[in-house]
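**Q** Below: one structure in structure tokens.
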Amino acid sequence: MDSLALILILPLLGALILFLSPKNYAVLSGLHVLFSAATSVALLNNVLKVLSGGTFYSFDKFLFLDSLGCVFLVLIAVTGFIVNFYSIHYMRWELEDGHIHLSDLKKYYALSHVFIFTMTLSVICNNVAFMWAAIEATTLASVF
């Protein structure tokens with residue numbers, strides 16, 4: 001599988017699995033961290049590939065990654081993992097205090113992975129219209 005496609009598939013797969021998983025805090029949190037870590041590792045792996053081999057394309061030059069995109073991918077990978085890891089503890093407090101329900105937690109975890117997907121797509125997309133749509137999708141993923 002193409003590595004640029006993988007960094008888009010992993011967060012979407014994580015969002016889908018989290019959305020369909022049972023309402024169990026331990027299962028949800030474990031899957032959330034697992035997919036967050038896998039996505040971050042895949043993002044950083046692509047950064048290392050670019051740093052060692054230069055620019056590369058995928059899907060007939062629809063996806064594109066260069067050294068400038070690597071700067072943003074590092075930011076997305078590191079901050080995304082830190083935020084997702086910390087959110088487990090924060091959301092547990094919110095859950096224990098009764099501010100949210102497990103269904104809200106499922107939605108939050110799933111949409112955080114959709115947010116990472118849209119941020120990644122906006123960086124590696126080689127089409128201005130799709131890049132704009134991806135940036136707008138970050139707003140939609142964070143508003144719900």
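Just remember, in the structure tokens the first chain shown is A, the second B, etc., residues are 1-based per chain, and ligands are 1-based in the order shown.
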List as a list in words the protein and nucleic acid residues near region 43-57 of chain A, meaning an atom at most 8 Å away when only C-alpha atoms are counted, but skip any in the same chain fewer than 5 places from it.
**A** Ser3, Leu4, Ile7, Phe62, Leu63, Phe64, Leu65, Asp66, Ser67, Cys70, Leu73, Val74 and Ala77 of chain A
**Q** Restricting it to C-alpha atoms, dump the selection as a compact mmCIF listing (two decimals), in the first residue's frame.
**A**
```txt
# COMPACT_ATOMS: atom_id res chain seq x y z
CA SER A 3 2.44 5.32 2.29
CA LEU A 4 0.63 8.56 1.45
CA ILE A 7 -1.65 8.19 6.38
CA PHE A 62 -2.99 14.03 -6.57
CA LEU A 63 -1.15 13.53 -3.27
CA PHE A 64 2.16 15.32 -2.89
CA LEU A 65 4.68 15.54 -0.06
CA ASP A 66 7.78 17.72 0.04
CA SER A 67 9.98 19.17 2.77
CA CYS A 70 6.95 17.52 6.29
CA LEU A 73 3.13 16.64 9.15
CA VAL A 74 5.50 16.70 12.12
CA ALA A 77 1.74 14.01 14.27
```
**Q** Where does region 4-76 of chain A meet region 104-126 of chain A within 10 Å, residue by residue, with the nearest atom pair and distance in Å to one decimal for each, counting only C-alpha atoms, listed by chain and rising number, as JSON lines?
**A**
```
{"residue": "A:Leu4", "atom": "CA", "partner": "A:Ile124", "partner_atom": "CA", "distance": 8.0}
{"residue": "A:Ala5", "atom": "CA", "partner": "A:Leu121", "partner_atom": "CA", "distance": 9.8}
{"residue": "A:Ile7", "atom": "CA", "partner": "A:Thr120", "partner_atom": "CA", "distance": 7.6}
{"residue": "A:Leu8", "atom": "CA", "partner": "A:Phe117", "partner_atom": "CA", "distance": 5.8}
{"residue": "A:Ile9", "atom": "CA", "partner": "A:Phe117", "partner_atom": "CA", "distance": 8.1}
{"residue": "A:Leu10", "atom": "CA", "partner": "A:Phe117", "partner_atom": "CA", "distance": 8.2}
{"residue": "A:Pro11", "atom": "CA", "partner": "A:His113", "partner_atom": "CA", "distance": 5.0}
{"residue": "A:Leu12", "atom": "CA", "partner": "A:Val114", "partner_atom": "CA", "distance": 6.1}
{"residue": "A:Leu13", "atom": "CA", "partner": "A:His113", "partner_atom": "CA", "distance": 8.7}
{"residue": "A:Gly14", "atom": "CA", "partner": "A:His113", "partner_atom": "CA", "distance": 6.5}
{"residue": "A:Ala15", "atom": "CA", "partner": "A:Ala110", "partner_atom": "CA", "distance": 4.1}
{"residue": "A:Leu16", "atom": "CA", "partner": "A:Ala110", "partner_atom": "CA", "distance": 6.9}
{"residue": "A:Ile17", "atom": "CA", "partner": "A:Ala110", "partner_atom": "CA", "distance": 8.1}
{"residue": "A:Leu18", "atom": "CA", "partner": "A:Ala110", "partner_atom": "CA", "distance": 5.5}
{"residue": "A:Phe19", "atom": "CA", "partner": "A:Ala110", "partner_atom": "CA", "distance": 5.7}
{"residue": "A:Leu20", "atom": "CA", "partner": "A:Lys106", "partner_atom": "CA", "distance": 8.6}
{"residue": "A:Ser21", "atom": "CA", "partner": "A:Lys106", "partner_atom": "CA", "distance": 8.1}
{"residue": "A:Pro22", "atom": "CA", "partner": "A:Lys106", "partner_atom": "CA", "distance": 8.8}
{"residue": "A:Lys23", "atom": "CA", "partner": "A:Lys106", "partner_atom": "CA", "distance": 7.4}
{"residue": "A:Asn24", "atom": "CA", "partner": "A:Lys106", "partner_atom": "CA", "distance": 9.2}
{"residue": "A:Tyr25", "atom": "CA", "partner": "A:Leu105", "partner_atom": "CA", "distance": 8.3}
{"residue": "A:Leu28", "atom": "CA", "partner": "A:Lys106", "partner_atom": "CA", "distance": 7.0}
{"residue": "A:Ser29", "atom": "CA", "partner": "A:Tyr109", "partner_atom": "CA", "distance": 8.2}
{"residue": "A:Leu31", "atom": "CA", "partner": "A:Tyr109", "partner_atom": "CA", "distance": 9.2}
{"residue": "A:His32", "atom": "CA", "partner": "A:Tyr109", "partner_atom": "CA", "distance": 6.4}
{"residue": "A:Val33", "atom": "CA", "partner": "A:Tyr109", "partner_atom": "CA", "distance": 9.6}
{"residue": "A:Phe35", "atom": "CA", "partner": "A:His113", "partner_atom": "CA", "distance": 8.2}
{"residue": "A:Ser36", "atom": "CA", "partner": "A:His113", "partner_atom": "CA", "distance": 7.5}
{"residue": "A:Thr39", "atom": "CA", "partner": "A:Ile116", "partner_atom": "CA", "distance": 8.7}
{"residue": "A:Ser40", "atom": "CA", "partner": "A:Ile116", "partner_atom": "CA", "distance": 9.6}
{"residue": "A:Leu43", "atom": "CA", "partner": "A:Thr120", "partner_atom": "CA", "distance": 8.6}
{"residue": "A:Tyr57", "atom": "CA", "partner": "A:Asn126", "partner_atom": "CA", "distance": 9.0}
{"residue": "A:Ser58", "atom": "CA", "partner": "A:Ile124", "partner_atom": "CA", "distance": 9.7}
{"residue": "A:Lys61", "atom": "CA", "partner": "A:Asn126", "partner_atom": "CA", "distance": 6.9}
{"residue": "A:Phe62", "atom": "CA", "partner": "A:Asn126", "partner_atom": "CA", "distance": 5.1}
{"residue": "A:Leu63", "atom": "CA", "partner": "A:Cys125", "partner_atom": "CA", "distance": 4.8}
{"residue": "A:Phe64", "atom": "CA", "partner": "A:Ile124", "partner_atom": "CA", "distance": 5.1}
{"residue": "A:Leu65", "atom": "CA", "partner": "A:Ile124", "partner_atom": "CA", "distance": 5.5}
{"residue": "A:Asp66", "atom": "CA", "partner": "A:Ile124", "partner_atom": "CA", "distance": 8.5}
{"residue": "A:Leu68", "atom": "CA", "partner": "A:Val123", "partner_atom": "CA", "distance": 9.2}
{"residue": "A:Gly69", "atom": "CA", "partner": "A:Val123", "partner_atom": "CA", "distance": 5.9}
{"residue": "A:Cys70", "atom": "CA", "partner": "A:Val123", "partner_atom": "CA", "distance": 8.7}
{"residue": "A:Val71", "atom": "CA", "partner": "A:Val123", "partner_atom": "CA", "distance": 9.7}
{"residue": "A:Phe72", "atom": "CA", "partner": "A:Val123", "partner_atom": "CA", "distance": 6.9}
{"residue": "A:Leu73", "atom": "CA", "partner": "A:Thr120", "partner_atom": "CA", "distance": 6.9}
{"residue": "A:Ile76", "atom": "CA", "partner": "A:Ile116", "partner_atom": "CA", "distance": 7.2}
```
**Q** When DSSP is applied to the backbone of this structure, which of region 45-140 of chain A are assigned helix (DSSP H, G or I)? Write them out as a PyMOL selection string.
**A** chain A and resi 45-53+67-96+102-124+128-140
**Q** Smallest atom-to-atom distance to Phe85 (chain A): which of A:Phe130, A:Gly30, A:Gly98, A:Ala42, using only C-alpha atoms?
**A**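 Selected residue with least distance to Phe85 (chain A): A:Gly30.
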**Q** What gap, in Å, lies between CA of Gly80 (chain A) and CA of Ala38 (chain A)?
**A**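 Interatomic distance here is 11.4 Å.
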**Q** Choose the residue, out of A:Ala26, A:Ala134, A:Leu34, A:Leu6, that has the smallest atom-to-atom separation from Arg92 (chain A); count only C-alpha atoms.
**A**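 Among the listed residues, A:Ala26 lies closest to Arg92 (chain A).
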**Q** Pick out each residue of region 47-85 of chain A that DSSP on the backbone tags as strand (DSSP E); I need them as a list in words.
**A** Phe56, Tyr57, Ser58, Leu63, Phe64 and Leu65 of chain A
